[in-house]
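Enquirer: Take a look at coords_29.cif, mmCIF, C-alpha atoms:
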data_entry
#
loop_
_atom_site.label_atom_id
_atom_site.label_comp_id
_atom_site.auth_asym_id
_atom_site.auth_seq_id
_atom_site.Cartn_x
_atom_site.Cartn_y
_atom_site.Cartn_z
CA ALA G 1 35.98 -17.49 48.25
CA MET G 2 37.45 -16.44 44.87
CA GLU G 3 34.86 -18.56 43.04
CA GLN G 4 32.11 -16.99 45.15
CA PHE G 5 33.45 -13.53 44.28
CA LYS G 6 33.42 -14.37 40.56
CA PHE G 7 29.87 -15.69 40.87
CA ASN G 8 28.67 -12.54 42.66
CA ASP G 9 30.48 -10.37 40.11
CA GLU G 10 28.72 -12.22 37.28
CA GLN G 11 25.37 -11.86 39.05
CA PHE G 12 25.99 -8.12 39.50
CA ARG G 13 26.92 -7.70 35.80
CA LYS G 14 23.76 -9.54 34.68
CA SER G 15 21.65 -7.45 37.06
CA ILE G 16 23.09 -4.23 35.58
CA GLU G 17 22.43 -5.50 32.04
CA ARG G 18 18.82 -6.35 32.93
CA SER G 19 18.32 -2.92 34.50
CA MET G 20 19.79 -1.17 31.44
CA LYS G 21 17.50 -3.16 29.15
CA ILE G 22 14.46 -2.21 31.23
CA LEU G 23 15.49 1.48 31.03
CA LYS G 24 15.85 1.21 27.23
CA ARG G 25 12.43 -0.40 26.99
CA LEU G 26 10.93 2.43 29.04
CA GLN G 27 12.71 4.91 26.75
CA ALA G 28 11.19 3.18 23.70
CA GLU G 29 7.74 3.25 25.33
CA GLN G 30 8.03 6.98 26.16
CA LYS G 31 9.24 7.82 22.63
CA THR G 32 6.35 5.83 21.14
CA ASP G 33 3.85 7.76 23.25
CA ALA G 34 5.49 11.12 22.45
CA LEU G 35 5.25 10.40 18.70
CA ARG G 36 1.59 9.39 19.11
CA LYS G 37 0.79 12.68 20.85
CA ARG G 38 2.59 14.72 18.19
CA ALA G 39 0.76 12.87 15.41
CA GLU G 40 -2.58 13.54 17.14
CA GLU G 41 -1.74 17.23 17.32
CA LEU G 42 -0.86 17.24 13.60
CA VAL G 43 -4.18 15.54 12.78
CA LYS G 44 -5.96 18.34 14.63
CA GLN G 45 -3.95 21.04 12.81
CA GLN G 46 -4.41 19.40 9.41
CA ASP G 47 -8.18 18.98 9.89
CA GLU G 48 -8.51 22.63 10.95
CA LEU G 49 -6.49 23.71 7.93
CA SER G 50 -8.68 21.60 5.65
CA GLU G 51 -11.82 23.30 6.99
CA ASP G 52 -10.27 26.77 6.69
CA THR G 53 -9.12 26.03 3.13
CA LYS G 54 -12.62 25.00 2.08
CA LYS G 55 -14.06 28.23 3.48
CA SER G 56 -11.32 30.48 2.11
CA ASN G 57 -11.78 32.76 -0.89
CA PRO G 58 -9.22 31.65 -3.56
CA SER G 59 -8.84 35.24 -4.74
CA ASP G 60 -7.71 36.40 -1.27
CA LYS G 61 -3.96 36.04 -1.82
CA ASN G 62 -3.01 37.04 1.71
CA LYS G 63 -5.26 34.36 3.16
CA GLN G 64 -3.96 31.79 0.67
CA ASN G 65 -0.38 32.59 1.67
CA GLU G 66 -1.25 32.21 5.34
CA LEU G 67 -2.87 28.80 4.69
CA SER G 68 0.11 27.73 2.60
CA LYS G 69 2.52 28.61 5.44
CA ARG G 70 0.44 26.60 7.88
CA GLN G 71 0.67 23.62 5.55
CA GLU G 72 4.46 24.05 5.30
CA LYS G 73 4.73 24.02 9.09
CA ILE G 74 2.69 20.80 9.33
CA GLN G 75 4.83 19.25 6.61
CA SER G 76 7.99 20.19 8.51
CA GLU G 77 6.62 18.47 11.63
CA LEU G 78 5.82 15.38 9.58
CA ASN G 79 9.46 15.20 8.45
CA LYS G 80 10.61 15.43 12.08
CA ILE G 81 8.27 12.61 13.08
CA GLU G 82 9.63 10.46 10.25
CA LYS G 83 13.21 11.06 11.47
CA GLU G 84 12.35 10.28 15.09
CA LEU G 85 10.49 7.17 13.99
CA LYS G 86 13.76 5.89 12.53
CA ASP G 87 15.50 6.72 15.84
CA LEU G 88 12.84 4.69 17.66
CA GLU G 89 13.39 1.79 15.27
CA LYS G 90 17.13 1.80 16.12
CA ILE G 91 16.43 1.83 19.88
CA MET G 92 14.05 -1.11 19.49
CA GLU G 93 16.55 -3.05 17.35
CA ASP G 94 19.25 -2.47 20.01
CA ILE G 95 16.95 -3.93 22.68
CA GLY G 96 16.33 -6.99 20.51
CA GLN G 97 13.85 -7.81 17.79
CA GLU G 98 12.56 -10.81 19.76
CA GLU G 99 11.63 -8.52 22.68
CA MET G 100 10.21 -5.54 20.78
CA PRO G 101 7.03 -5.28 18.63
CA MET G 102 8.92 -4.69 15.37
CA ASP G 103 5.93 -5.81 13.26
CA GLU G 104 3.73 -3.26 15.02
CA LEU G 105 6.31 -0.55 14.30
CA LYS G 106 6.45 -1.53 10.63
CA LYS G 107 2.66 -1.27 10.42
CA ALA G 108 2.83 2.22 12.00
CA MET G 109 5.41 3.26 9.38
CA ASP G 110 3.23 1.87 6.60
CA ASP G 111 0.20 3.70 8.02
CA LEU G 112 2.10 6.99 8.15
CA ASN G 113 3.37 6.40 4.60
CA PRO G 114 5.65 9.49 4.77
CA GLU G 115 6.26 9.65 1.02
CA GLU G 116 2.56 9.66 0.13
CA THR G 117 1.62 11.96 3.03
CA ASN G 118 4.37 14.39 2.08
CA LYS G 119 3.14 14.40 -1.53
CA GLU G 120 -0.45 15.12 -0.46
CA MET G 121 0.78 18.09 1.57
CA SER G 122 2.90 19.39 -1.33
CA ASP G 123 -0.02 18.95 -3.74
CA SER G 124 -2.24 20.76 -1.26
CA LYS G 125 0.04 23.83 -1.39
CA GLN G 126 0.25 23.66 -5.18
CA ASN G 127 -3.52 23.43 -5.60
CA MET G 128 -3.94 26.26 -3.12
CA GLN G 129 -1.61 28.47 -5.16
CA SER G 130 -3.59 27.56 -8.29
CA GLY G 131 -6.79 28.66 -6.57
CA ASP G 132 -8.25 25.13 -6.40
CA ASN G 133 -9.13 25.11 -2.72
CA LYS G 134 -11.51 22.17 -3.05
CA LYS G 135 -8.74 19.92 -4.36
CA SER G 136 -6.31 21.32 -1.82
CA SER G 137 -8.72 20.44 0.99
CA GLN G 138 -9.02 16.89 -0.37
CA ASN G 139 -5.23 16.53 -0.32
CA GLN G 140 -5.20 17.72 3.28
CA LYS G 141 -7.90 15.21 4.23
CA LYS G 142 -5.85 12.31 2.81
CA ALA G 143 -2.76 13.48 4.69
CA SER G 144 -4.81 13.73 7.88
CA ASP G 145 -6.20 10.20 7.41
CA ASN G 146 -2.66 8.77 7.19
CA LEU G 147 -1.60 10.65 10.32
CA LYS G 148 -4.71 9.41 12.12
CA LYS G 149 -4.02 5.75 11.25
CA PHE G 150 -0.41 6.20 12.35
CA SER G 151 -1.45 7.74 15.67
CA GLN G 152 -3.91 4.93 16.40
CA GLN G 153 -1.29 2.28 15.61
CA MET G 154 1.29 3.99 17.85
CA LYS G 155 -1.27 4.07 20.68
CA LYS G 156 -1.86 0.33 20.28
CA MET G 157 1.89 -0.32 20.21
CA LYS G 158 2.50 1.82 23.31
CA GLU G 159 -0.20 -0.02 25.28
CA GLY G 160 1.39 -3.38 24.37
CA MET G 161 4.85 -2.16 25.43
CA GLN G 162 3.45 -0.75 28.68
CA GLN G 163 1.86 -4.09 29.51
CA GLN G 164 5.10 -5.96 28.75
CA ASN G 165 7.20 -3.55 30.82
CA ALA G 166 4.80 -3.88 33.75
CA GLN G 167 5.04 -7.68 33.56
CA ASP G 168 8.85 -7.49 33.48
CA ALA G 169 8.82 -5.29 36.58
CA ILE G 170 6.55 -7.80 38.36
CA ASP G 171 8.84 -10.69 37.35
CA LYS G 172 11.90 -8.81 38.61
CA LEU G 173 10.18 -8.03 41.93
CA GLU G 174 9.13 -11.68 42.36
CA LYS G 175 12.72 -12.80 41.72
CA TYR G 176 14.01 -10.27 44.25
CA VAL G 177 11.55 -11.54 46.90
CA SER G 178 12.51 -15.15 46.08
CA ASP G 179 16.22 -14.34 46.42
CA MET G 180 15.63 -12.57 49.75
CA LEU G 181 13.67 -15.57 51.09
CA GLU G 182 16.45 -17.92 50.00
CA LEU G 183 19.06 -15.70 51.66
CA SER G 184 16.95 -15.56 54.83
CA LYS G 185 16.75 -19.38 54.95
CA LYS G 186 20.52 -19.69 54.52
CA GLN G 187 21.14 -17.14 57.27
CA GLU G 188 18.77 -18.98 59.60
CA SER G 189 20.54 -22.27 58.87
CA VAL G 190 23.99 -20.79 59.60
CA LYS G 191 22.63 -19.15 62.76
CA ASN G 192 21.20 -22.47 64.00
CA ASN G 193 24.40 -24.38 63.22
CA THR G 194 26.49 -21.76 64.98
CA ALA G 195 24.22 -21.83 68.05
CA LYS G 196 24.45 -25.60 68.29
CA SER G 197 28.25 -25.64 67.99
CA ASP G 198 30.74 -25.44 70.76
CA TYR G 199 32.68 -22.15 70.79
CA ASN G 200 35.89 -24.13 70.39
CA SER G 201 34.51 -26.08 67.43
CA THR G 202 36.63 -26.13 64.27
CA LYS G 203 33.44 -25.49 62.28
CA ILE G 204 32.95 -21.97 63.66
CA PRO G 205 35.29 -20.42 61.00
CA GLN G 206 33.44 -22.39 58.33
CA TYR G 207 30.08 -20.95 59.46
CA ALA G 208 31.59 -17.47 59.57
CA GLN G 209 32.84 -17.94 56.00
CA GLU G 210 29.38 -19.11 54.88
CA GLN G 211 27.84 -16.01 56.49
CA ALA G 212 30.33 -13.72 54.71
CA GLU G 213 29.72 -15.37 51.34
CA MET G 214 26.03 -14.48 51.48
CA PHE G 215 26.82 -10.77 50.97
#
What is this structure when it is put down as structure tokens?

Expert:
Amino acid sequence: AMEQFKFNDEQFRKSIERSMKILKRLQAEQKTDALRKRAEELVKQQDELSEDTKKSNPSDKNKQNELSKRQEKIQSELNKIEKELKDLEKIMEDIGQEEMPMDELKKAMDDLNPEETNKEMSDSKQNMQSGDNKKSSQNQKKASDNLKKFSQQMKKMKEGMQQQNAQDAIDKLEKYVSDMLELSKKQESVKNNTAKSDYNSTKIPQYAQEQAEMF
């Protein structure tokens, strides 16, 4: 009975570990999708800013200041995305590099190229302040292209993770059904043995013990 208890305890511990890993994988998937959505929104904002910059009169200082502030806000959001991308990397490493698409994440980081994208945004503000709106708009377009590539890569990564998580859930359900069928067979066997036995049989306690050990 003690050995059975240890076995069940080990099974329970492994089941908890599997459940925790699945939750972490879902967390990684949700964070990936959230970063994709934020990058898509930044692409939209950066493209709109690029168009507005091209149309703006460089001598209109108030308008130039407004455009510059919009660029600063986008740049601030980029820095937040970069930080959260590192948080995502840590979550994925904790789950296990063999189970997570680390290569896909690295490609997303390369596509975002935070250093270059940040520089394009800073140059955009500088060129804006110098009155060179054409150049500023070009800087903004390059920054937007990097964000776009990053967003597309994160979408691809999220879809792969979603597929993997769905397969894991199916596997876990199949194992649960298999375990229930096995338990049902054992219960039926004990029930049949008990029914065939005389009430005074010495095996009755043994069958009762077998029944108890199933739970």

Enquirer: How many Å lie between CA of Met109 (chain G) and CA of Phe150 (chain G), rounded to one decimal?

Expert: 7.2 Å

Enquirer: Select all residues near (7.7, -7.4, 18.5) (cut-off 12 Å, inclusive, file coordinates), counting all atoms listed in the file, and output them as a CSV table (one decimal) with C-alpha atoms, in the coordinates of the input.

Expert:
chain,number,residue,atom,x,y,z
G,25,ARG,CA,12.4,-0.4,27.0
G,89,GLU,CA,13.4,1.8,15.3
G,92,MET,CA,14.0,-1.1,19.5
G,93,GLU,CA,16.6,-3.0,17.4
G,95,ILE,CA,17.0,-3.9,22.7
G,96,GLY,CA,16.3,-7.0,20.5
G,97,GLN,CA,13.8,-7.8,17.8
G,98,GLU,CA,12.6,-10.8,19.8
G,99,GLU,CA,11.6,-8.5,22.7
G,100,MET,CA,10.2,-5.5,20.8
G,101,PRO,CA,7.0,-5.3,18.6
G,102,MET,CA,8.9,-4.7,15.4
G,103,ASP,CA,5.9,-5.8,13.3
G,104,GLU,CA,3.7,-3.3,15.0
G,105,LEU,CA,6.3,-0.6,14.3
G,106,LYS,CA,6.4,-1.5,10.6
G,107,LYS,CA,2.7,-1.3,10.4
G,157,MET,CA,1.9,-0.3,20.2
G,158,LYS,CA,2.5,1.8,23.3
G,160,GLY,CA,1.4,-3.4,24.4
G,161,MET,CA,4.8,-2.2,25.4
G,164,GLN,CA,5.1,-6.0,28.8

Enquirer: Rank nothing, just name the residue among G:Leu85, G:Met128, G:Ile91, G:Ile22 nearest to Arg70 (chain G), using only C-alpha atoms.

Expert: G:Met128

Enquirer: From the list G:Met20, G:Ala108, G:Leu147, G:Leu26, which residue is nearest Glu41 (chain G) when using all atoms listed in the file?

Expert: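 Looking only at the distances to Glu41 (chain G), the closest residue turns out to be G:Leu147.
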
Enquirer: May I have the centre and edge lengths, in Å to one decimal, of an axis-aligned box around the listed atoms of region 22-39 of chain G with 3 Å added to every side, as JSON?

Expert:
{"center_x": 8.3, "center_y": 6.3, "center_z": 23.3, "size_x": 21.1, "size_y": 22.9, "size_z": 21.8}

Enquirer: Tell me which of G:Arg38, G:Arg18, G:Lys73, G:Lys44 sits closest to Lys125 (chain G), counting all atoms listed in the file.

Expert: G:Lys73
